[in-house]
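Encoded as structure tokens, the structure appears first; notes follow it.
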Amino acid sequence: MHLASEKVETGKPCSAGDLFFGGGDLGNHLGVGRRSLSIASILLGAALAAPPAKAVSLTFSDFDNTLIETRESAGGTFETPFVLFRIEQRANTLQSPPSGPAEVLLNPIEFHRNKAYFGKGNGEPGALNREMTLKDGSKITPGEYYLRNPDSYRYFFSTPGRNNVLEDLKAAEKRDPEGKWKAAFWPNMVEQLSNPESAKHFGLITARGHSKQDWEEFFQYLKEQGHIKYLPNFKLFHNVSLADYDQFSLRWNTARQKAGVLAEIVQHLGRLPNQESRLNPDGDATEPYHYVIFAD
């Protein structure tokens, strides 16, 4: 997990019209009422909830391996499956016809252990002399399968009739009552959501593509189960794999998309008036700053 903090110097204040209707530079860039970043919702739901001219602190977290843990090296037990597709054509006449199922589901540990052996999207096979045993006991040749965007990541998005992220959480709880599915920033999230004011300033910036309803149901379940006390601010949730965020990258570069979201937020927080001084990150002076924190 990486934790980044950005102090935001205040500058030209923005008007209520800028905040509510996406005006100013960002409104011109995105278009009034655009659903993507919805900086109007961000500032309406978070910054404007603070008293006028007061410092604002926004905390954002990634989801995978920041709030929930999937990595084998960290003992993670949260599983969202990846979908692999069979390569139908043979590379040459000496290659045996593919014999496995048309698609297979791999949990994160299976996926990361074997991804170097998968085939390529252009039909080129991977390791054909290697066999892997799946969690259910079945065997496949990883070189006969490949990743296909975005279909291989279907469970990282919303699908009709199923809340994928919530169902994965419930399965993780059942699989691991000890809670090793919780990642390093989980306690920080719980603390942030233990207070109604700080909860208003907590959101997600994630490579996933779930709907607002999915996230609302997910966190409502956490609240019902006693994991958290208050709900986060869903106006501060950004699922950067959605098409709305293509303005930052058309090449599935989620790091660039996340950075673009944060840059827009920092830019416009700097336009909020602030007369409240606080200790700077170096700890050697007090200055009028807003803060944006991102755990990735």
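Numbering starts fresh at 1 for the residues of each chain in the structure tokens, the chains themselves are lettered A, B, ... in the order given, and ligands are numbered from 1 as they appear.
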Secondary structure check, alpha helix (DSSP H) residues of region 38-241 of chain A, as a ChimeraX atom specification: /A:39-45,108-114,164-175,186-192,196-199,212-224
Near Phe78 (chain A), within 10 Å and counting only C-alpha atoms, which residues show up once chain neighbours fewer than 6 positions away are dropped, as a short mmCIF file (atom, residue, chain, number, x, y, z; two decimals) with all heavy atoms, in the first residue's frame?
```
data_model
loop_
_atom_site.label_atom_id
_atom_site.label_comp_id
_atom_site.auth_asym_id
_atom_site.auth_seq_id
_atom_site.Cartn_x
_atom_site.Cartn_y
_atom_site.Cartn_z
N ASP A 64 -8.73 -2.71 -4.27
CA ASP A 64 -8.00 -3.97 -4.27
C ASP A 64 -6.60 -3.80 -3.68
O ASP A 64 -5.83 -2.94 -4.09
CB ASP A 64 -7.90 -4.51 -5.70
CG ASP A 64 -9.26 -4.96 -6.21
OD1 ASP A 64 -9.62 -6.12 -5.98
OD2 ASP A 64 -9.95 -4.13 -6.83
N ASN A 65 -6.31 -4.64 -2.68
CA ASN A 65 -5.02 -4.69 -2.01
C ASN A 65 -4.69 -3.40 -1.25
O ASN A 65 -3.53 -3.15 -0.91
CB ASN A 65 -3.90 -5.05 -2.99
CG ASN A 65 -4.18 -6.37 -3.67
OD1 ASN A 65 -4.63 -7.32 -3.04
ND2 ASN A 65 -3.92 -6.44 -4.97
N ILE A 68 -9.21 -4.29 0.59
CA ILE A 68 -9.35 -5.75 0.64
C ILE A 68 -8.08 -6.36 0.07
O ILE A 68 -7.39 -5.76 -0.76
CB ILE A 68 -10.61 -6.24 -0.11
CG1 ILE A 68 -10.62 -5.77 -1.57
CG2 ILE A 68 -11.86 -5.77 0.62
CD1 ILE A 68 -9.99 -6.75 -2.53
N GLU A 69 -7.75 -7.58 0.54
CA GLU A 69 -6.47 -8.20 0.20
C GLU A 69 -6.68 -9.46 -0.64
O GLU A 69 -7.40 -10.37 -0.24
CB GLU A 69 -5.70 -8.56 1.47
CG GLU A 69 -4.29 -9.05 1.23
CD GLU A 69 -3.44 -8.00 0.53
OE1 GLU A 69 -3.15 -6.94 1.13
OE2 GLU A 69 -3.09 -8.24 -0.66
N THR A 70 -6.05 -9.47 -1.81
CA THR A 70 -6.14 -10.62 -2.71
C THR A 70 -4.80 -11.33 -2.90
O THR A 70 -4.76 -12.44 -3.42
CB THR A 70 -6.65 -10.20 -4.09
OG1 THR A 70 -5.64 -9.41 -4.76
CG2 THR A 70 -7.94 -9.39 -3.99
N ARG A 71 -3.71 -10.71 -2.49
CA ARG A 71 -2.38 -11.23 -2.81
C ARG A 71 -1.99 -12.41 -1.94
O ARG A 71 -2.16 -12.41 -0.73
CB ARG A 71 -1.35 -10.11 -2.66
CG ARG A 71 -1.51 -8.97 -3.66
CD ARG A 71 -0.65 -7.78 -3.32
NE ARG A 71 -1.05 -7.19 -2.04
CZ ARG A 71 -0.53 -6.07 -1.55
NH1 ARG A 71 0.40 -5.43 -2.23
NH2 ARG A 71 -0.96 -5.59 -0.40
N ASN A 107 -9.10 -17.58 -9.70
CA ASN A 107 -9.06 -16.65 -8.58
C ASN A 107 -7.77 -15.83 -8.69
O ASN A 107 -6.88 -16.15 -9.48
CB ASN A 107 -9.20 -17.39 -7.25
CG ASN A 107 -8.03 -18.30 -6.94
OD1 ASN A 107 -6.87 -17.99 -7.23
ND2 ASN A 107 -8.33 -19.45 -6.32
N PRO A 108 -7.63 -14.76 -7.91
CA PRO A 108 -6.45 -13.89 -8.07
C PRO A 108 -5.11 -14.61 -7.89
O PRO A 108 -4.15 -14.30 -8.61
CB PRO A 108 -6.66 -12.83 -6.98
CG PRO A 108 -8.13 -12.77 -6.80
CD PRO A 108 -8.60 -14.18 -6.96
N ILE A 109 -5.04 -15.55 -6.96
CA ILE A 109 -3.77 -16.25 -6.74
C ILE A 109 -3.44 -17.12 -7.94
O ILE A 109 -2.29 -17.12 -8.42
CB ILE A 109 -3.85 -17.07 -5.44
CG1 ILE A 109 -3.91 -16.12 -4.23
CG2 ILE A 109 -2.64 -18.00 -5.32
CD1 ILE A 109 -4.06 -16.83 -2.89
N ASP A 168 -18.65 -11.19 -3.54
CA ASP A 168 -17.27 -11.58 -3.26
C ASP A 168 -16.92 -11.36 -1.80
O ASP A 168 -16.18 -12.15 -1.19
CB ASP A 168 -16.31 -10.80 -4.15
CG ASP A 168 -16.40 -11.22 -5.62
OD1 ASP A 168 -16.95 -12.30 -5.89
OD2 ASP A 168 -15.92 -10.46 -6.48
N LEU A 169 -17.44 -10.28 -1.21
CA LEU A 169 -17.20 -10.01 0.21
C LEU A 169 -17.84 -11.10 1.07
O LEU A 169 -17.21 -11.62 2.00
CB LEU A 169 -17.76 -8.65 0.59
CG LEU A 169 -17.79 -8.34 2.09
CD1 LEU A 169 -16.37 -8.28 2.66
CD2 LEU A 169 -18.54 -7.04 2.37
N LYS A 170 -19.09 -11.43 0.79
CA LYS A 170 -19.77 -12.46 1.58
C LYS A 170 -19.06 -13.80 1.47
O LYS A 170 -18.93 -14.54 2.46
CB LYS A 170 -21.23 -12.58 1.12
CG LYS A 170 -22.09 -11.37 1.45
CD LYS A 170 -23.51 -11.54 0.93
CE LYS A 170 -24.39 -10.35 1.29
NZ LYS A 170 -25.77 -10.49 0.77
N ALA A 171 -18.57 -14.13 0.27
CA ALA A 171 -17.83 -15.38 0.09
C ALA A 171 -16.52 -15.35 0.88
O ALA A 171 -16.12 -16.37 1.46
CB ALA A 171 -17.55 -15.60 -1.40
N ALA A 172 -15.86 -14.20 0.91
CA ALA A 172 -14.61 -14.08 1.67
C ALA A 172 -14.86 -14.24 3.17
O ALA A 172 -14.08 -14.89 3.87
CB ALA A 172 -13.95 -12.73 1.37
N GLU A 173 -15.94 -13.66 3.67
CA GLU A 173 -16.28 -13.80 5.09
C GLU A 173 -16.53 -15.27 5.44
O GLU A 173 -16.10 -15.75 6.50
CB GLU A 173 -17.52 -12.98 5.42
CG GLU A 173 -17.30 -11.49 5.45
CD GLU A 173 -18.56 -10.73 5.83
OE1 GLU A 173 -19.63 -11.05 5.28
OE2 GLU A 173 -18.47 -9.81 6.66
N ARG A 175 -15.42 -17.91 3.75
CA ARG A 175 -14.19 -18.66 3.52
C ARG A 175 -13.17 -18.42 4.62
O ARG A 175 -12.41 -19.32 4.99
CB ARG A 175 -13.61 -18.24 2.17
CG ARG A 175 -12.37 -19.00 1.72
CD ARG A 175 -11.79 -18.39 0.44
NE ARG A 175 -12.81 -18.22 -0.59
CZ ARG A 175 -13.21 -17.04 -1.04
NH1 ARG A 175 -12.69 -15.93 -0.56
NH2 ARG A 175 -14.14 -16.96 -1.98
N ASP A 176 -13.14 -17.20 5.15
CA ASP A 176 -12.09 -16.81 6.09
C ASP A 176 -12.67 -15.95 7.21
O ASP A 176 -12.60 -14.73 7.17
CB ASP A 176 -10.99 -16.04 5.34
CG ASP A 176 -9.92 -15.50 6.28
OD1 ASP A 176 -9.75 -16.06 7.38
OD2 ASP A 176 -9.28 -14.50 5.92
N GLY A 179 -10.73 -13.01 8.81
CA GLY A 179 -10.67 -11.69 8.18
C GLY A 179 -9.36 -11.35 7.50
O GLY A 179 -9.01 -10.16 7.40
N LYS A 180 -8.65 -12.35 7.00
CA LYS A 180 -7.41 -12.03 6.28
C LYS A 180 -7.70 -11.41 4.92
O LYS A 180 -6.77 -11.05 4.19
CB LYS A 180 -6.56 -13.31 6.12
CG LYS A 180 -6.03 -13.86 7.44
CD LYS A 180 -5.00 -14.97 7.22
CE LYS A 180 -5.62 -16.23 6.65
NZ LYS A 180 -6.55 -16.88 7.59
N TRP A 181 -8.98 -11.27 4.59
CA TRP A 181 -9.36 -10.56 3.37
C TRP A 181 -9.27 -9.04 3.53
O TRP A 181 -9.38 -8.30 2.54
CB TRP A 181 -10.78 -10.95 2.94
CG TRP A 181 -11.79 -10.92 4.05
CD1 TRP A 181 -12.15 -11.96 4.86
CD2 TRP A 181 -12.56 -9.79 4.47
NE1 TRP A 181 -13.11 -11.55 5.77
CE2 TRP A 181 -13.38 -10.23 5.55
CE3 TRP A 181 -12.65 -8.47 4.04
CZ2 TRP A 181 -14.27 -9.37 6.21
CZ3 TRP A 181 -13.53 -7.62 4.69
CH2 TRP A 181 -14.32 -8.07 5.76
N LYS A 182 -9.03 -8.58 4.75
CA LYS A 182 -8.88 -7.14 4.99
C LYS A 182 -7.43 -6.72 4.72
O LYS A 182 -6.49 -7.36 5.19
CB LYS A 182 -9.24 -6.80 6.44
CG LYS A 182 -10.66 -7.15 6.83
CD LYS A 182 -10.89 -6.90 8.31
CE LYS A 182 -12.29 -7.33 8.74
NZ LYS A 182 -12.50 -7.18 10.20
N ALA A 183 -7.26 -5.64 3.97
CA ALA A 183 -5.92 -5.16 3.63
C ALA A 183 -5.46 -4.07 4.60
O ALA A 183 -6.17 -3.71 5.55
CB ALA A 183 -5.90 -4.66 2.19
#
```
Residue among A:Leu58, A:Lys120, A:Ala91, A:Trp215 lying closest to Tyr289 (chain A), counting only C-alpha atoms: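 Looking only at the distances to Tyr289 (chain A), the closest residue turns out to be A:Leu58.
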CA of Glu79 (chain A) to CA of Glu167 (chain A), straight-line distance in Å: 10.0 Å
With a distance cut-off of 6 Å and only C-alpha atoms, select the neighbouring residues of Pro288 (chain A), excluding the residue or stretch itself and same-chain residues fewer than 6 positions from it, and output the selection as an mmCIF file with N, CA and C atoms, in the first residue's frame.
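Wrote it out as out_36.cif, contents follow:
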```cif
data_model
loop_
_atom_site.group_PDB
_atom_site.id
_atom_site.type_symbol
_atom_site.label_atom_id
_atom_site.label_comp_id
_atom_site.auth_asym_id
_atom_site.auth_seq_id
_atom_site.Cartn_x
_atom_site.Cartn_y
_atom_site.Cartn_z
ATOM 1 N N GLN A 275 -9.336 30.174 5.306
ATOM 2 C CA GLN A 275 -8.627 31.056 6.238
ATOM 3 C C GLN A 275 -8.146 30.293 7.463
ATOM 4 N N GLU A 276 -8.242 28.981 7.414
ATOM 5 C CA GLU A 276 -7.847 28.159 8.555
ATOM 6 C C GLU A 276 -6.444 27.592 8.333
ATOM 7 N N SER A 277 -5.520 27.922 9.219
ATOM 8 C CA SER A 277 -4.154 27.423 9.095
ATOM 9 C C SER A 277 -4.016 26.071 9.781
#
```
CA of Phe156 (chain A) to CA of Ser57 (chain A), distance in Å rounded to a single decimal: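 So the answer is 28.8 Å.
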Polymer residues at most 7 Å from Thr206 (chain A), only C-alpha atoms, same-chain spacing of 6 or more positions, as an MDAnalysis selection string: chainID A and resid 62:63 238:240
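Assigned to strand (DSSP E) in region 47-257 of chain A, given DSSP computed from backbone atoms, are A:Ser57, A:Leu58, A:Thr59, A:Phe60, A:Ser61, A:Phe82, A:Val83, A:Leu84, A:Phe85, A:Arg86, A:Glu103, A:Val104, A:Leu105, A:Leu106, A:Met132, A:Thr133, A:Lys139, A:Ile140, A:Tyr145, A:Tyr146, A:Phe202, A:Gly203, A:Leu204, A:Ile205, A:Thr206, A:His238, A:Asn239.
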